[in-house]
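Enquirer: Starting off with a structure, shown below.
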Amino acid sequence: AEVLARGTPGRSTGDSQSGIGVAHDRPLVVAATEPPARRISVSDPFNAAADAALPMVVAALDPTLAASEFKRRLPRLSGESRLKLKAIRVVRHKPGKRCVMEYDVEVRRPGEVDQPVTVIGKVRARRSGNEGFRQLETIWNAGFDAQSADGISVPEPVGVISEFKMWCQRK
């Protein structure tokens, strides 16, 4: 897929295995292997992929790997439907500590209109992602879901992607 990325001015980084390149201060276009309709934009304005304490961020920003993991590891979101990854954005990064990414996906259910969904993925240094997910899921299941009578709710927990050490929630 063609990847568009942004980063910090003056430096250029990349991952030769995944094909992700970050051109700073201007979009970088990596050779397209699929039609233009399959382009997935990747935005890393904080240069989180270069954070040695969070090596899983490089994999989490790889569109091919992310799309594959979303399909396999997030059945709560996809169920019997198909997921199509549209964009990846790093929205918060505390160097050496944590990173928050947004994934724009399209949920395609047979016989229904495609539903756009934004999934928030959170990673923390030296943590697996399971604890944060379990806490959120416990609160959600205790009645603080989207249909709560008093209107007080937490985001819907979606799943854990162990390869990225990331837990995910619906935005």
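Order determines the names: the first chain of the structure tokens is A, the second B, and so forth; residues in each chain are numbered 1 upward, and ligands are numbered 1 upward as they are shown.
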Quick one: residues within 8 Å of Val105 of chain A, only C-alpha atoms, excluding same-chain residues fewer than 3 positions away - as an MDAnalysis selection string?
Expert: chainID A and resid 83:87 116:119
Enquirer: Give me a file of those residues, with N, CA and C atoms, as a PDB file, in the first residue's frame.
Expert:
ATOM      1  N   LEU A  83     -13.249  -5.706   8.064  1.00  0.00           N
ATOM      2  CA  LEU A  83     -12.694  -4.418   8.454  1.00  0.00           C
ATOM      3  C   LEU A  83     -11.749  -3.930   7.366  1.00  0.00           C
ATOM      4  N   LYS A  84     -11.829  -2.644   7.071  1.00  0.00           N
ATOM      5  CA  LYS A  84     -10.921  -2.047   6.104  1.00  0.00           C
ATOM      6  C   LYS A  84     -10.231  -0.870   6.777  1.00  0.00           C
ATOM      7  N   LEU A  85      -8.912  -0.963   6.942  1.00  0.00           N
ATOM      8  CA  LEU A  85      -8.133   0.099   7.565  1.00  0.00           C
ATOM      9  C   LEU A  85      -7.993   1.260   6.601  1.00  0.00           C
ATOM     10  N   LYS A  86      -8.292   2.480   7.074  1.00  0.00           N
ATOM     11  CA  LYS A  86      -8.243   3.672   6.230  1.00  0.00           C
ATOM     12  C   LYS A  86      -7.087   4.606   6.594  1.00  0.00           C
ATOM     13  N   ALA A  87      -6.784   4.768   7.893  1.00  0.00           N
ATOM     14  CA  ALA A  87      -5.742   5.704   8.315  1.00  0.00           C
ATOM     15  C   ALA A  87      -5.245   5.355   9.710  1.00  0.00           C
ATOM     16  N   PRO A 116     -18.168   3.826   9.434  1.00  0.00           N
ATOM     17  CA  PRO A 116     -16.843   4.292   9.840  1.00  0.00           C
ATOM     18  C   PRO A 116     -16.705   4.247  11.361  1.00  0.00           C
ATOM     19  N   VAL A 117     -15.572   3.745  11.830  1.00  0.00           N
ATOM     20  CA  VAL A 117     -15.301   3.637  13.266  1.00  0.00           C
ATOM     21  C   VAL A 117     -13.863   4.088  13.505  1.00  0.00           C
ATOM     22  N   THR A 118     -13.647   4.824  14.576  1.00  0.00           N
ATOM     23  CA  THR A 118     -12.291   5.161  14.984  1.00  0.00           C
ATOM     24  C   THR A 118     -11.973   4.365  16.238  1.00  0.00           C
ATOM     25  N   VAL A 119     -10.867   3.626  16.172  1.00  0.00           N
ATOM     26  CA  VAL A 119     -10.408   2.814  17.287  1.00  0.00           C
ATOM     27  C   VAL A 119      -9.184   3.494  17.877  1.00  0.00           C
TER      28      VAL A 119
END
Enquirer: Excluding segment 65-73 of chain A and any residue of its chain fewer than 6 positions from it, enumerate the residues within 12 Å of it, using only C-alpha atoms, and give them as an MDAnalysis selection string.
Expert: chainID A and resid 1 17:20 38 40 42 56:59 79:88 101:108 119:121 158:168
Enquirer: Per DSSP on the backbone, what are the alpha helix (DSSP H) residues of segment 16-157 of chain A, as a ChimeraX atom specification?
Expert: /A:56-60,63-73,75-78,130-141
Enquirer: Hey, can you spit out that residue selection with N, CA, C and O atoms as a CSV table (one decimal), in the first residue's frame?
Expert:
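The result, written out as selection30.csv:
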chain,number,residue,atom,x,y,z
A,56,MET,N,7.3,-1.4,20.0
A,56,MET,CA,6.0,-2.0,19.3
A,56,MET,C,5.3,-0.9,18.5
A,56,MET,O,4.5,-1.3,17.6
A,57,VAL,N,5.7,0.3,18.6
A,57,VAL,CA,5.0,1.4,17.9
A,57,VAL,C,5.3,1.2,16.4
A,57,VAL,O,4.5,1.5,15.5
A,58,VAL,N,6.5,0.8,16.0
A,58,VAL,CA,6.9,0.6,14.6
A,58,VAL,C,5.9,-0.4,14.0
A,58,VAL,O,5.4,-0.1,12.9
A,59,ALA,N,5.7,-1.5,14.6
A,59,ALA,CA,4.8,-2.5,14.1
A,59,ALA,C,3.3,-2.0,14.1
A,59,ALA,O,2.6,-2.2,13.1
A,60,ALA,N,2.9,-1.2,15.1
A,60,ALA,CA,1.6,-0.7,15.2
A,60,ALA,C,1.3,0.3,14.1
A,60,ALA,O,0.2,0.6,13.7
A,63,PRO,N,0.8,-0.3,8.1
A,63,PRO,CA,-0.6,-0.5,7.7
A,63,PRO,C,-0.9,-2.0,7.4
A,63,PRO,O,-2.0,-2.5,7.7
A,64,THR,N,0.0,-2.7,6.8
A,64,THR,CA,-0.3,-4.1,6.4
A,64,THR,C,-0.4,-5.0,7.7
A,64,THR,O,-1.4,-5.8,7.8
A,65,LEU,N,0.5,-4.8,8.6
A,65,LEU,CA,0.5,-5.6,9.8
A,65,LEU,C,-0.7,-5.2,10.7
A,65,LEU,O,-1.4,-6.0,11.3
A,66,ALA,N,-1.0,-3.9,10.8
A,66,ALA,CA,-2.1,-3.4,11.6
A,66,ALA,C,-3.4,-3.9,11.1
A,66,ALA,O,-4.3,-4.4,11.8
A,67,ALA,N,-3.6,-3.9,9.7
A,67,ALA,CA,-4.9,-4.4,9.1
A,67,ALA,C,-5.1,-5.9,9.5
A,67,ALA,O,-6.1,-6.3,9.8
A,68,SER,N,-4.0,-6.6,9.4
A,68,SER,CA,-4.0,-8.1,9.6
A,68,SER,C,-4.4,-8.3,11.1
A,68,SER,O,-5.3,-9.2,11.4
A,69,GLU,N,-3.7,-7.6,12.0
A,69,GLU,CA,-4.0,-7.8,13.4
A,69,GLU,C,-5.4,-7.4,13.8
A,69,GLU,O,-6.0,-8.0,14.7
A,70,PHE,N,-5.9,-6.3,13.2
A,70,PHE,CA,-7.3,-5.9,13.5
A,70,PHE,C,-8.3,-6.9,13.1
A,70,PHE,O,-9.2,-7.2,13.9
A,71,LYS,N,-8.1,-7.5,12.0
A,71,LYS,CA,-9.0,-8.6,11.5
A,71,LYS,C,-9.0,-9.8,12.4
A,71,LYS,O,-10.0,-10.4,12.7
A,72,ARG,N,-7.8,-10.2,12.9
A,72,ARG,CA,-7.7,-11.4,13.7
A,72,ARG,C,-7.9,-11.2,15.2
A,72,ARG,O,-8.4,-12.1,15.8
A,73,ARG,N,-7.6,-10.0,15.7
A,73,ARG,CA,-7.6,-9.8,17.2
A,73,ARG,C,-8.7,-9.0,17.7
A,73,ARG,O,-8.8,-8.9,19.0
A,75,PRO,N,-12.3,-9.3,17.3
A,75,PRO,CA,-13.6,-9.9,16.9
A,75,PRO,C,-14.8,-9.1,17.5
A,75,PRO,O,-15.9,-9.1,16.9
A,76,ARG,N,-14.6,-8.4,18.6
A,76,ARG,CA,-15.7,-7.7,19.2
A,76,ARG,C,-16.1,-6.5,18.2
A,76,ARG,O,-17.3,-6.2,18.2
A,77,LEU,N,-15.2,-6.0,17.5
A,77,LEU,CA,-15.5,-4.9,16.6
A,77,LEU,C,-16.0,-5.4,15.3
A,77,LEU,O,-16.9,-5.0,14.7
A,78,SER,N,-15.3,-6.5,14.8
A,78,SER,CA,-15.6,-7.0,13.4
A,78,SER,C,-16.7,-8.0,13.4
A,78,SER,O,-17.5,-8.0,12.5
A,130,ASN,N,-3.0,-5.8,28.7
A,130,ASN,CA,-4.1,-6.6,29.3
A,130,ASN,C,-4.7,-5.9,30.5
A,130,ASN,O,-6.0,-6.0,30.6
A,131,GLU,N,-3.9,-5.3,31.3
A,131,GLU,CA,-4.5,-4.8,32.6
A,131,GLU,C,-5.4,-3.6,32.3
A,131,GLU,O,-6.5,-3.5,32.8
A,132,GLY,N,-5.0,-2.7,31.4
A,132,GLY,CA,-5.9,-1.5,31.1
A,132,GLY,C,-7.2,-2.0,30.4
A,132,GLY,O,-8.3,-1.4,30.7
A,133,PHE,N,-7.1,-3.0,29.5
A,133,PHE,CA,-8.2,-3.5,28.9
A,133,PHE,C,-9.2,-4.1,29.9
A,133,PHE,O,-10.4,-3.9,29.8
A,134,ARG,N,-8.7,-5.0,30.8
A,134,ARG,CA,-9.5,-5.6,31.8
A,134,ARG,C,-10.2,-4.6,32.7
A,134,ARG,O,-11.4,-4.8,33.0
A,135,GLN,N,-9.5,-3.6,33.1
A,135,GLN,CA,-10.2,-2.5,33.9
A,135,GLN,C,-11.3,-1.9,33.2
A,135,GLN,O,-12.4,-1.7,33.7
A,136,LEU,N,-11.1,-1.5,31.9
A,136,LEU,CA,-12.1,-0.8,31.1
A,136,LEU,C,-13.3,-1.7,30.9
A,136,LEU,O,-14.4,-1.3,31.0
A,137,GLU,N,-13.0,-3.0,30.6
A,137,GLU,CA,-14.0,-4.0,30.3
A,137,GLU,C,-14.9,-4.2,31.6
A,137,GLU,O,-16.1,-4.3,31.5
A,138,THR,N,-14.3,-4.2,32.8
A,138,THR,CA,-15.0,-4.4,34.0
A,138,THR,C,-16.0,-3.3,34.3
A,138,THR,O,-17.1,-3.5,34.6
A,139,ILE,N,-15.5,-2.1,34.0
A,139,ILE,CA,-16.3,-0.9,34.2
A,139,ILE,C,-17.5,-0.9,33.2
A,139,ILE,O,-18.6,-0.6,33.5
A,140,TRP,N,-17.2,-1.2,31.9
A,140,TRP,CA,-18.2,-1.2,30.9
A,140,TRP,C,-19.3,-2.3,31.2
A,140,TRP,O,-20.4,-2.0,31.1
A,141,ASN,N,-18.8,-3.5,31.6
A,141,ASN,CA,-19.8,-4.5,32.0
A,141,ASN,C,-20.6,-4.3,33.3
A,141,ASN,O,-21.6,-4.9,33.5
Enquirer: Find the residue from A:Pro95, A:Gly143, A:Asp150, A:Arg109 that sits nearest to Ala50 of chain A; use only C-alpha atoms when measuring.
Expert: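 That would be A:Pro95, the residue with the smallest distance to Ala50 of chain A.
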Enquirer: With distances taken over only C-alpha atoms, which residue among A:Ile152, A:Leu54, A:Ala49, A:Val90 lies nearest Arg124 of chain A?
Expert: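 For Arg124 of chain A, the nearest of the given residues is A:Leu54.
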Enquirer: Taking only C-alpha atoms into account, which of A:Val154, A:Val91, A:Arg98, A:Phe144 comes nearest Ala125 of chain A?
Expert: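 Among A:Val154, A:Val91, A:Arg98, A:Phe144, it is A:Arg98 that comes nearest to Ala125 of chain A.
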Enquirer: Between atom CA of Gly96 of chain A and atom CA of Asp62 of chain A, what is the distance, to one decimal in Å?
Expert: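 These atoms are spaced 20.0 Å apart.
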Enquirer: Among the residues of segment 58-170 of chain A, find those DSSP assigns to strand (DSSP E or B) from the backbone and print them as a ChimeraX atom specification.
Expert: /A:82-94,98-108,115-124,157-161,166-170
Enquirer: How would the residues just picked look written out with C-alpha atoms as a PDB file, in the first residue's frame?
Expert:
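Output (selection_10.pdb):
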ATOM      1  CA  ARG A  82     -14.938  -7.221   7.270  1.00  0.00           C
ATOM      2  CA  LEU A  83     -12.694  -4.418   8.454  1.00  0.00           C
ATOM      3  CA  LYS A  84     -10.921  -2.047   6.104  1.00  0.00           C
ATOM      4  CA  LEU A  85      -8.133   0.099   7.565  1.00  0.00           C
ATOM      5  CA  LYS A  86      -8.243   3.672   6.230  1.00  0.00           C
ATOM      6  CA  ALA A  87      -5.742   5.704   8.315  1.00  0.00           C
ATOM      7  CA  ILE A  88      -3.375   5.571  11.300  1.00  0.00           C
ATOM      8  CA  ARG A  89      -2.482   8.600  13.445  1.00  0.00           C
ATOM      9  CA  VAL A  90      -0.260   9.015  16.495  1.00  0.00           C
ATOM     10  CA  VAL A  91      -2.214  11.483  18.638  1.00  0.00           C
ATOM     11  CA  ARG A  92      -0.222  11.440  21.889  1.00  0.00           C
ATOM     12  CA  HIS A  93       3.291  10.385  22.749  1.00  0.00           C
ATOM     13  CA  LYS A  94       5.152  10.676  26.014  1.00  0.00           C
ATOM     14  CA  ARG A  98       3.302   5.699  26.381  1.00  0.00           C
ATOM     15  CA  CYS A  99       1.744   6.315  22.998  1.00  0.00           C
ATOM     16  CA  VAL A 100      -1.860   6.722  21.835  1.00  0.00           C
ATOM     17  CA  MET A 101      -2.835   6.004  18.224  1.00  0.00           C
ATOM     18  CA  GLU A 102      -6.076   6.356  16.319  1.00  0.00           C
ATOM     19  CA  TYR A 103      -7.071   3.899  13.603  1.00  0.00           C
ATOM     20  CA  ASP A 104      -9.819   4.830  11.167  1.00  0.00           C
ATOM     21  CA  VAL A 105     -11.535   1.654   9.969  1.00  0.00           C
ATOM     22  CA  GLU A 106     -14.600   0.859   7.927  1.00  0.00           C
ATOM     23  CA  VAL A 107     -16.786  -1.981   9.197  1.00  0.00           C
ATOM     24  CA  ARG A 108     -18.462  -3.774   6.287  1.00  0.00           C
ATOM     25  CA  GLN A 115     -19.853   2.040   9.111  1.00  0.00           C
ATOM     26  CA  PRO A 116     -16.843   4.292   9.840  1.00  0.00           C
ATOM     27  CA  VAL A 117     -15.301   3.637  13.266  1.00  0.00           C
ATOM     28  CA  THR A 118     -12.291   5.161  14.984  1.00  0.00           C
ATOM     29  CA  VAL A 119     -10.408   2.814  17.287  1.00  0.00           C
ATOM     30  CA  ILE A 120      -8.013   4.193  19.880  1.00  0.00           C
ATOM     31  CA  GLY A 121      -4.980   2.026  20.608  1.00  0.00           C
ATOM     32  CA  LYS A 122      -2.896   2.585  23.726  1.00  0.00           C
ATOM     33  CA  VAL A 123       0.580   1.230  24.430  1.00  0.00           C
ATOM     34  CA  ARG A 124       2.730   1.668  27.502  1.00  0.00           C
ATOM     35  CA  PRO A 157     -13.421  -1.860  25.097  1.00  0.00           C
ATOM     36  CA  VAL A 158     -12.649  -3.533  21.767  1.00  0.00           C
ATOM     37  CA  GLY A 159      -9.739  -5.892  22.441  1.00  0.00           C
ATOM     38  CA  VAL A 160      -6.019  -6.452  22.945  1.00  0.00           C
ATOM     39  CA  ILE A 161      -3.465  -6.805  20.172  1.00  0.00           C
ATOM     40  CA  MET A 166      -1.804  -2.544  22.818  1.00  0.00           C
ATOM     41  CA  TRP A 167      -5.320  -2.402  24.160  1.00  0.00           C
ATOM     42  CA  CYS A 168      -8.032  -0.869  22.034  1.00  0.00           C
ATOM     43  CA  GLN A 169     -11.247   1.004  22.653  1.00  0.00           C
ATOM     44  CA  ARG A 170     -13.861   2.625  20.448  1.00  0.00           C
TER      45      ARG A 170
END
